[in-house]
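Notes follow once the structure below has been shown.
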Amino acid sequence: MLKDHAKLMQAIAASGEIIGRKKLQKMIYIAKKVTFPFQERFQFHFYGPYSEELTLRVEELCNMGFLDEVKEKKGGYYQYRYTLTDNGKEFLSLNEVEMPYLEDCLTDMNGQNARFLELVSTVLYFDNLEKDEVIEKVFTLKKKQNYTMDEIIQAYQYIEELQTKVKQN
């Protein structure tokens with residue numbers, strides 16, 4: 001049961017800290033699509049792929065004292081900051097999860113902004129479609145984000161970079 005919790009904890013530990021619920025959702029989704037064994041099911045939502053299971057798992061980890069969620073007021077909205085607690089680190093040391101190269105990929109993703117990760121995750125969500133159809137979906141479903149063609153090209157390049165990191169190592 002706690003194996004999936006441990007995988008999520010490993011992801012947060014590898015990242016050091018993740019700022020933002022949306023960013024956390026996108027990072028786990030992208031990692032899953034790049035072949036890391038996350039089990040959460042995702043559906044397309046307002047901000048791209050979203051997992052209710054992931055939200056519940058984060059809440060459970062906070063309730064168990066393994067994950068620290070700090071709510072910060074940021075201008076006109078609240079932002080959440082996630083880190084492992086000492087109890088979480090201890091639990092993880094006793095329940096190691098083998099996910100080679102996860103840290104490299106997540107550190108890279110954590111350095112990206114949430115808007116870009118939203119684009120990358122949206123492109124990956126529609127990876128069963130032809131590229132021109134994906135681009136059309138992005139322009140239609142993400143109209144308010146005003147993504148440019150250059151950003152979409154960067155998203156495809158970024159996906160390739162992440163896949164290369166996993167394959168090379």
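Residues are named by chain letter and number: chains run A, B, ... in the order of the structure tokens, numbers start at 1 in each chain, and ligands are numbered from 1 in the order shown.
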Inset, instruction - Please report, as an MDAnalysis selection string, each residue of range 11-166 of chain A to which DSSP assigns alpha helix (DSSP H) when run on this structure's backbone. - result: chainID A and resid 11:15 21:33 52:63 86:94 102:110 114:125 131:141 149:166
Just the residues within 12 Å of Phe66 in chain A, please, counting only C-alpha atoms, with nothing from its chain fewer than 5 positions along; format it as a short mmCIF file (atom, residue, chain, number, x, y, z; two decimals) with C-alpha atoms, in the first residue's frame.
data_model
loop_
_atom_site.label_atom_id
_atom_site.label_comp_id
_atom_site.auth_asym_id
_atom_site.auth_seq_id
_atom_site.Cartn_x
_atom_site.Cartn_y
_atom_site.Cartn_z
CA LEU A 2 2.67 2.51 0.96
CA HIS A 5 3.44 6.78 -1.26
CA ALA A 6 7.16 5.99 -1.09
CA LEU A 8 5.96 10.09 -4.39
CA MET A 9 8.18 10.78 -1.38
CA GLN A 10 11.21 9.76 -3.43
CA ILE A 12 9.89 15.07 -3.60
CA ALA A 13 13.15 14.07 -1.92
CA ARG A 57 -1.79 10.74 -1.63
CA VAL A 58 -0.15 14.10 -0.86
CA GLU A 59 -2.83 14.79 1.75
CA GLU A 60 -2.25 11.36 3.32
CA LEU A 61 1.52 11.92 3.46
CA TYR A 82 6.32 20.67 -0.35
CA THR A 83 9.29 19.09 1.40
CA LEU A 84 9.93 15.80 3.18
CA THR A 85 9.91 15.89 6.97
CA ASP A 86 12.56 14.13 9.03
CA ASN A 87 10.04 11.31 9.61
CA GLY A 88 9.52 11.14 5.86
CA LYS A 89 13.26 10.90 5.24
CA GLU A 90 13.55 8.15 7.84
CA PHE A 91 10.63 6.21 6.33
CA LEU A 92 12.16 6.56 2.88
#
Dump as JSON lines the rows for residues of range 78-120 of chain A within 9 Å of range 32-51 of chain A: closest atom pair and distance in Å with one decimal, only C-alpha atoms counted, ordered by chain and rising residue number.
{"residue": "A:Met99", "atom": "CA", "partner": "A:Phe36", "partner_atom": "CA", "distance": 6.9}
{"residue": "A:Pro100", "atom": "CA", "partner": "A:Phe36", "partner_atom": "CA", "distance": 8.9}
{"residue": "A:Leu102", "atom": "CA", "partner": "A:Phe36", "partner_atom": "CA", "distance": 7.4}
{"residue": "A:Glu118", "atom": "CA", "partner": "A:Gly48", "partner_atom": "CA", "distance": 6.0}
{"residue": "A:Leu119", "atom": "CA", "partner": "A:Gly48", "partner_atom": "CA", "distance": 7.8}
